[in-house]
Amino acid sequence: MATEISVPDIGDFESIEIIEVLVKPGDVINKNDPIVTLESDKSSVEVPSPLAGKISSLKVKIGDKVSKGSVLVLIEDAETKSEQKSKEQKKEDMLPETEKIIKQAEQTIVQKPKTESPKKVYARPNGSDIDPIETKEWIDSLDAVISKDGSDRAHYLLKKLIDETYKEGSHRPLTRITPYINTIPPESEIKSPGDQNIERRIRSLIRWNAAAMVIKANKKNPELGGHIGTFASAATLYDVGMNHFWRAKNNKFGGDLIYFQGHSAPGMYARAFLEGRLTEKQLNNFRQEVDGEGLSSYPHPWLMPKFWQFPIVSMGLGSIMSIYQARFTKYLINRGLLKDEDRKIWTFLGDGEMDEPESLGAIGLASREKLDNLIFVINCNLQRLDGPVRGNGKIIQELEGIFRGAGWNVIKVIWGSYWDPLLAKDKSGLLIKRMNECVDGEYQAFKAKGGAYVRENFFGKYSKLKELVSTMTDGDIWKLNRGGHDPHKVYAAYDAAMKTKGQPTVILAKTIKGYGMGKSGESINITHQQKKLGEEDLLYYRDRFDIPLTDKQVKNVEFYKPGEKSEEIKYLKERRMMLGGNIPERTSYAKPIKKPSKDIFKNMLKSSGEHKMSTTMTLVRMLTSLLRDQNIASKLVPIIPDEARTFGMEGFFQKIGIYAHEGQKYEPVDSEQLSFYREDKKGQVLEEGITEAGAMSSWIAAGTAYTNHDLEMIPIYLFYSMFGFQRIMDFAWSAGDAQTRGFLIGATAGRTTLAGEGLQHQDGHSHLLASAIPNCISYDPTFSYELAIILQEGLRRMHDKQENIFYYLTVMNENYQHPQMPKDCEKGILKGMYLFKEFNKKGKTKIQLLGCGTILREIIAAAEILSKEYNIDSDVWSVTSFNELRKDGMNIERKNLLNPGTKPEKSHVEKCLGKREGPIVAASDYIRSYSDQIRPYISKPFYSFGTDGYGRSDGRKKLRNFFEVDKEYIVTYALSVLSKEQLIPSKYAKEAMKKYKIDKNKPIPTVL
Ligand SMILES: Cc1ncc(C[n+]2csc(CCOP(=O)(O)OP(=O)(O)O)c2C)c(N)n1
Ligand SMILES: [Mg+2]
């Protein structure tokens, strides 16, 4: 029996055009296979078949207009049970169930009778203890519970008590922070299996070589800079990871991903030197990269592509990018593209760095998405560049509250093992009290001023505390170490972090900036920039870490590397062998993605006829086609920060689903509609919500998956073009450094094209921002065929040939007709310009007209007017990329200058325009400097017009007139240019000004 398949609920749309019919009679299709594609002026969407079966007849053709209920096809042998029915059934079943749950919940709310109780007046403790005996009774009870049933039971009881206080009406959260002591008590610490003596010796050598590298570079040339103090504070944090936790990528395991704090790079080089991965010559060339064999100042994959993975020295980027990296790793696993090997992402951050909005801006996502593959290590050395991070407070406590509040597992590593006996001995509670009350400014001073100072100013505050340390020498007190310098404490914290499930972990490790540097830089405000140690300081440093160098060698700032057979080198290499190989190391074994067949874009090369559409629609159509290509479909990662509907992409929700790690726990409000909001654990769309920085971080994670996961992916991040580069330029710069491959799409682009939105929305300069990034290729296409050619080439170059470039394309929301692709223009489209049309009537004279994006259409219209009304011929050039033309021009010019006396080569601009007649007029929807970029490469009069100035809200026609880029202005300016060049009399321009009501006294839009 044949069943009719009709158009489902498509929301508010009526009479929607069918632009593709994807089945024919006789086809056997599966459930959810697309039958037709519908396109309104705002979006295009496939209609999937609700049934499997054989198509017996087609009831529609391309160009038909359909609405909800219109029959599309007849299908035979269809499954009988309809999806719709089962949905209704489910809905009916759900209602009584829901009711039951609500009833049960209601029963648990005990309604207390509202009796008027006499008003009581309570004592206000104000932090002091108003009844110490009662307090002691409570503490004794708690101690009894801990010793009988353990601390979990005690916590349970405490939680119950807190719940009771809430019921009684106390809605003040008790605390977000715990006392200023280690989260893991000594008895629960997992002990490191490492040989501590050898590990200390290795660490000391790394410390020495790292410092020596910076000092040597600065001896050679004080311009070079570098940091000693940061790595000195973090050495143990890195070493424990390197010796015991971080598993490298190899043929059996995908590898942990470590985001190294940028300016601790010297420590990573120093270790790699001991491992034999870097030579002494390279160390000698730290920060001297120009002649090759140097080492980059910070982690820059662009400069050291086999070594560094994550360029995060711009503070704040590491946090957010690693969160999205952890999220993307789970995305790949949930989509079945990556094996779940329990790989971890570790991120090293500075405590000062946590002030960056990007550092804390995405921590909610990490806990919401249960990123237990993510471990943050925040090196709390209490200092940033100029001074203390929180002199009057405690950064560790502040961060604990923030992270715990966001749902993270927080592990504080504040005190080293030497404090354990003191803490155990102190029954008065005064030690913890003192620890709690001191502020970071004091803690910094304690470590700068020696043991006697600490005795006096820390312990000395309370006589009982002074007594506690009375048998200790000043030297012993000085040795009381901080958690982040204690390998046992660090090991225990890392071990606990590795075992945490269902939450991300942050380790807050207290350290000393410039640890071991003594007077020259330990815990003092100038530590951060200390890069020149005097001889005395160097000798101190050598002795402090027992480096086997003679005084003379120290004065020469020599590196020290023990022999290959030494215990240290053997141990170091063995540990890395056990952990699978080298870290950091950057490799890629990703298979290329075969470029799609040209057929997939064939439709886009044809004229759209009467049909008007925007380039955004063209792009969405092409993406829809790509989702039908077997090689490409699963690799596409559409990324959108809450603008899918603006870009007409809501069809993707139903088709490929929105990624949601917990699937969809609710029936979406629009579930009856075709493009309903479908969240899915295997969903493909990354619907990021309103976070451009987050979306960009996802794009970078996906675009570098070829190296971090050995998977070539195709990220396409569509954003409101104004909120792209302008908002997240630092990420874009880092993306280039990381060699990210993928497409950035600036949608609703163009200062006069977005129209109604106004000043803060209308983009007239994103292309110039894009042009600053050396490996970013950008285009502002006008017509569907241009976009199709560019997209194909992008896929080929980035994902088939695996070139380390990325594309920025602007697409617009203006609907217009698209012509058929002119012959032989593909190369020109890609190079940046081609001849679109010649107006040759052997007129009075000739002019060259250049345009791009929507303004090319104004140029074409102007050319027609010039031809018809003024008998002026023109060549109309579509300039798909002034940026690409500039790159080519600059390159050729340089080549020619460096080859004096030889026959000069010609730039593409010159090849196009060199022999053409007449002056040049260029216009775009961007500021003039965009088109001005090619001015130096043409030896002809050149005039450019653009949208310099702030945007404003109005209709397109008015805006183009205001910014002087509409056809009328272009005609007028063209006539004026021709008169200035003495090719026609000035009267024509004057007449045009009158005709088009152009006021010569109207101020230029930049000053309005
Ligand atoms: C976005 C940004 N702003 C400023 C800097 C310059 N800078 C480099 S290190 C530093 C201080 C870092 O302090 P902290 O995060 O506490 O790291 P520490 O060196 O103490 O480990 C600053 C301001 C930068 N790298 N990035
Ligand atoms: Mg710091």
# chains A, B, ... in the order shown; residues from 1 in each chain; ligands from 1
call {"tool": "residues_around", "arguments": {"residues": "region 358-368 of chain A", "least_positions_apart": "4", "cutoff": "6 Å", "atoms": "only C-alpha atoms", "output": "list in words"}}
result
Gly316, Ser319, Ile320, Met354, Ala406, Gly407, Trp408 and Gln503 of chain A
call {"tool": "closest_atom_pairs", "arguments": {"of": "chain A", "to": "ligand 1", "cutoff": "10 Å", "atoms": "only C-alpha atoms and all ligand atoms", "output": "CSV"}}
result
residue,atom,partner,partner_atom_place_in_ligand_line,distance
A:His227,CA,ligand 1,19 (O),8.1
A:Ile228,CA,ligand 1,19 (O),9.1
A:Gly229,CA,ligand 1,19 (O),7.0
A:Thr230,CA,ligand 1,19 (O),4.4
A:Phe231,CA,ligand 1,21 (O),7.4
A:Ala232,CA,ligand 1,21 (O),9.2
A:Ser233,CA,ligand 1,21 (O),7.2
A:Ala234,CA,ligand 1,21 (O),7.5
A:Gln261,CA,ligand 1,21 (O),7.6
A:Gly262,CA,ligand 1,25 (N),7.7
A:His263,CA,ligand 1,9 (S),6.5
A:Ser264,CA,ligand 1,21 (O),7.7
A:Tyr298,CA,ligand 1,25 (N),9.7
A:Ile312,CA,ligand 1,25 (N),8.6
A:Val313,CA,ligand 1,25 (N),5.3
A:Ser314,CA,ligand 1,26 (N),3.7
A:Met315,CA,ligand 1,26 (N),4.0
A:Gly316,CA,ligand 1,1 (C),6.6
A:Leu317,CA,ligand 1,1 (C),8.0
A:Phe348,CA,ligand 1,21 (O),9.0
A:Leu349,CA,ligand 1,15 (O),6.4
A:Gly350,CA,ligand 1,15 (O),3.3
A:Asp351,CA,ligand 1,16 (O),4.3
A:Gly352,CA,ligand 1,16 (O),3.4
A:Glu353,CA,ligand 1,15 (O),3.7
A:Met354,CA,ligand 1,15 (O),6.8
A:Asp355,CA,ligand 1,15 (O),8.4
A:Glu356,CA,ligand 1,1 (C),7.6
A:Glu358,CA,ligand 1,1 (C),9.7
A:Ile378,CA,ligand 1,21 (O),8.5
A:Asn379,CA,ligand 1,21 (O),6.0
A:Cys380,CA,ligand 1,16 (O),7.0
A:Asn381,CA,ligand 1,20 (O),5.8
A:Leu382,CA,ligand 1,16 (O),6.8
A:Gln383,CA,ligand 1,20 (O),5.0
A:Arg384,CA,ligand 1,13 (O),3.4
A:Leu385,CA,ligand 1,11 (C),4.2
A:Asp386,CA,ligand 1,11 (C),7.7
A:Gly387,CA,ligand 1,13 (O),9.1
A:Pro388,CA,ligand 1,16 (O),8.4
A:Val389,CA,ligand 1,16 (O),6.8
A:Thr511,CA,ligand 1,21 (O),9.4
A:Ile512,CA,ligand 1,20 (O),9.0
A:Lys513,CA,ligand 1,20 (O),6.5
A:Gly514,CA,ligand 1,20 (O),9.2
A:Thr527,CA,ligand 1,19 (O),8.9
A:His528,CA,ligand 1,19 (O),6.1
A:Gln529,CA,ligand 1,9 (S),8.9
A:Asp730,CA,ligand 1,1 (C),8.6
call {"tool": "closest_residue", "arguments": {"among": "A:Pro715, A:Phe545, A:Val145, A:Phe459", "to": "Asp426 (chain A)", "atoms": "only C-alpha atoms"}}
result
A:Phe459
call {"tool": "residues_around", "arguments": {"residues": "region 273-278 of chain A", "least_positions_apart": "5", "cutoff": "9 Å", "atoms": "only C-alpha atoms", "output": "list of chain:residue names"}}
result
A:Ile202, A:Leu205, A:Ile206, A:Asn209, A:Met268, A:Leu283, A:Tyr560, A:Lys561, A:Pro562, A:Ile569, A:Leu572, A:Lys573, A:Asn582
call {"tool": "residues_around", "arguments": {"residues": "Ser614 (chain A)", "least_positions_apart": "4", "cutoff": "9 Å", "atoms": "only C-alpha atoms", "output": "ChimeraX atom specification"}}
result
/A:41-42,618-619,783-784,811-818
call {"tool": "write_last_selection", "arguments": {"atoms": "all heavy atoms", "output": "CSV table (one decimal), in the first residue's frame"}}
result
chain,number,residue,atom,x,y,z
A,41,ASP,N,13.3,32.6,2.3
A,41,ASP,CA,14.4,33.6,2.0
A,41,ASP,C,15.3,33.6,3.2
A,41,ASP,O,16.4,34.3,3.1
A,41,ASP,CB,13.7,35.0,1.8
A,41,ASP,CG,12.9,35.4,3.0
A,41,ASP,OD1,12.5,34.5,3.8
A,41,ASP,OD2,12.5,36.6,3.0
A,42,LYS,N,15.1,32.9,4.3
A,42,LYS,CA,16.0,33.0,5.4
A,42,LYS,C,16.7,31.7,5.7
A,42,LYS,O,17.7,31.7,6.4
A,42,LYS,CB,15.2,33.4,6.6
A,42,LYS,CG,15.0,34.9,6.7
A,42,LYS,CD,14.3,35.3,7.9
A,42,LYS,CE,15.2,35.2,9.1
A,42,LYS,NZ,14.4,35.4,10.4
A,618,THR,N,23.6,30.5,0.3
A,618,THR,CA,24.5,29.7,-0.6
A,618,THR,C,25.4,28.8,0.3
A,618,THR,O,25.5,27.6,0.0
A,618,THR,CB,25.4,30.6,-1.5
A,618,THR,OG1,24.6,31.5,-2.1
A,618,THR,CG2,26.2,29.8,-2.4
A,619,LEU,N,25.9,29.4,1.3
A,619,LEU,CA,26.9,28.6,2.1
A,619,LEU,C,26.1,27.5,2.8
A,619,LEU,O,26.6,26.4,2.9
A,619,LEU,CB,27.5,29.6,3.1
A,619,LEU,CG,28.5,28.9,4.0
A,619,LEU,CD1,29.8,28.7,3.3
A,619,LEU,CD2,28.7,29.6,5.3
A,783,PHE,N,29.0,36.4,-5.4
A,783,PHE,CA,28.1,35.5,-6.1
A,783,PHE,C,28.3,34.0,-5.6
A,783,PHE,O,29.4,33.7,-5.2
A,783,PHE,CB,28.2,35.6,-7.6
A,783,PHE,CG,27.8,36.9,-8.1
A,783,PHE,CD1,28.7,37.7,-8.9
A,783,PHE,CD2,26.6,37.5,-7.8
A,783,PHE,CE1,28.4,39.0,-9.4
A,783,PHE,CE2,26.2,38.7,-8.3
A,783,PHE,CZ,27.1,39.5,-9.1
A,784,SER,N,27.3,33.2,-5.7
A,784,SER,CA,27.3,31.8,-5.3
A,784,SER,C,28.5,31.1,-5.9
A,784,SER,O,29.1,30.3,-5.2
A,784,SER,CB,26.0,31.1,-5.7
A,784,SER,OG,24.9,31.7,-5.0
A,811,VAL,N,30.0,36.4,4.4
A,811,VAL,CA,28.8,36.2,3.7
A,811,VAL,C,27.7,37.2,4.2
A,811,VAL,O,27.8,37.7,5.3
A,811,VAL,CB,28.3,34.7,3.8
A,811,VAL,CG1,29.2,33.8,3.2
A,811,VAL,CG2,28.0,34.4,5.3
A,812,MET,N,26.8,37.4,3.3
A,812,MET,CA,25.8,38.5,3.6
A,812,MET,C,24.4,38.0,3.7
A,812,MET,O,24.1,36.9,3.3
A,812,MET,CB,25.9,39.6,2.5
A,812,MET,CG,27.1,40.5,2.7
A,812,MET,SD,28.7,39.7,2.2
A,812,MET,CE,28.6,39.6,0.5
A,813,ASN,N,23.5,38.9,4.2
A,813,ASN,CA,22.1,38.5,4.3
A,813,ASN,C,21.2,39.2,3.3
A,813,ASN,O,20.0,39.3,3.5
A,813,ASN,CB,21.6,38.7,5.7
A,813,ASN,CG,21.6,40.2,6.1
A,813,ASN,OD1,22.1,41.0,5.4
A,813,ASN,ND2,21.0,40.5,7.3
A,814,GLU,N,21.8,39.8,2.3
A,814,GLU,CA,21.0,40.5,1.2
A,814,GLU,C,20.7,39.5,0.1
A,814,GLU,O,21.6,38.7,-0.4
A,814,GLU,CB,21.9,41.6,0.6
A,814,GLU,CG,21.1,42.5,-0.3
A,814,GLU,CD,21.8,43.7,-0.8
A,814,GLU,OE1,22.9,44.0,-0.3
A,814,GLU,OE2,21.3,44.4,-1.8
A,815,ASN,N,19.4,39.5,-0.2
A,815,ASN,CA,19.0,38.5,-1.2
A,815,ASN,C,19.0,39.1,-2.6
A,815,ASN,O,18.6,40.3,-2.8
A,815,ASN,CB,17.5,38.1,-1.0
A,815,ASN,CG,17.4,37.3,0.3
A,815,ASN,OD1,18.3,36.5,0.6
A,815,ASN,ND2,16.3,37.5,1.0
A,816,TYR,N,19.7,38.4,-3.5
A,816,TYR,CA,19.7,38.9,-4.9
A,816,TYR,C,19.9,37.7,-5.9
A,816,TYR,O,20.2,36.6,-5.4
A,816,TYR,CB,20.8,40.0,-5.2
A,816,TYR,CG,22.1,39.7,-4.5
A,816,TYR,CD1,23.1,38.9,-5.2
A,816,TYR,CD2,22.5,40.3,-3.3
A,816,TYR,CE1,24.3,38.6,-4.6
A,816,TYR,CE2,23.7,40.1,-2.8
A,816,TYR,CZ,24.7,39.2,-3.4
A,816,TYR,OH,25.9,39.0,-2.8
A,817,GLN,N,19.8,38.0,-7.2
A,817,GLN,CA,20.0,36.9,-8.1
A,817,GLN,C,21.5,36.7,-8.4
A,817,GLN,O,22.3,37.6,-8.3
A,817,GLN,CB,19.3,37.3,-9.5
A,817,GLN,CG,17.8,37.3,-9.3
A,817,GLN,CD,17.2,38.0,-10.5
A,817,GLN,OE1,17.8,38.5,-11.5
A,817,GLN,NE2,15.8,38.1,-10.5
A,818,HIS,N,21.8,35.4,-8.6
A,818,HIS,CA,23.2,35.1,-8.9
A,818,HIS,C,23.4,34.6,-10.3
A,818,HIS,O,22.7,33.7,-10.7
A,818,HIS,CB,23.6,34.0,-7.9
A,818,HIS,CG,23.6,34.5,-6.5
A,818,HIS,ND1,24.7,34.8,-5.7
A,818,HIS,CD2,22.5,34.7,-5.6
A,818,HIS,CE1,24.4,35.2,-4.5
A,818,HIS,NE2,23.1,35.2,-4.4
call {"tool": "atom_distance", "arguments": {"atom1": "CA of Thr3 (chain A)", "atom2": "CA of Val73 (chain A)"}}
result
8.4 Å
